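Please read the structure below before turning to the comments.
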Amino acid sequence: MPTKPKTATANAREDILSPHAMSTISAGAVSAMSAVGAAVIKMNKEALLKKPDWFWHLFAKCEAKAARMAEQAARAPNACGDATFIEVYARNLPKLMTAALNAHEKAAP
């Protein structure tokens with residue numbers, strides 16, 4: 001039995017970007033996120049064709065994690081706002097997706 005009670009934030013889904021989070025991101029950053037996402041999907045087309053539902057679930061989790069990491073970096077004192085957000089997002093989404101796919105391949109019999 002867990003020793004800590006679950007909070008509302010612990011119950012929130014971490015595999016999707018919330019509408020509030022999306023509304024705080026500028027149009028330019030959303031456009032860059034789309035371009036990066038499309039490139040990652042194109043890089044992993046084989047995995048998408050094998051298990052589409054699983055792939056989209058995994059992609060959503062990686063996308064949300066990359067966006068959270070980018071948001072934290074963009075709020076740093078010396079950050080350049082959207083430029084930092086885009087840079088960190090573009091750097092981390094492909095890495096997260098590759099790591100998740102590799103972990104799945106190793107776990108598969």
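Residue numbering restarts at 1 for every chain of the structure tokens, chains are lettered A, B, ... in their displayed order, and ligands are numbered from 1 as they appear.
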- If you count only C-alpha atoms, which residues fall within 8 Å of range 90-99 of chain A, apart from same-chain ones fewer than 2 positions away, as a list in words? Met33, Val36, Gly37, Val40, Leu58, Phe59, Cys62, Glu63, Ala66, Ile86, Glu87, Val88, Leu101, Asn102 and Ala103 of chain A
- range 12-107 of chain A: which residues are alpha helix (DSSP H) by DSSP, as a VMD selection string? chain A and resid 19 to 24 27 to 43 45 to 50 52 to 74 82 to 107
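Using only C-alpha atoms, the nearest neighbour of Ile25 in chain A within the list A:Ala79, A:Ala100, A:Ala38, A:Ala74 is A:Ala74.
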- Message: What does the structure give for the distance between CA of Thr84 in chain A and CA of Ala67 in chain A, in Å to one decimal?
- Response: 11.4 Å
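In terms of minimum interatomic distance to Glu71 in chain A, A:Tyr89 ranks closest within A:Trp56, A:Lys51, A:Ala32, A:Tyr89, counting only C-alpha atoms.
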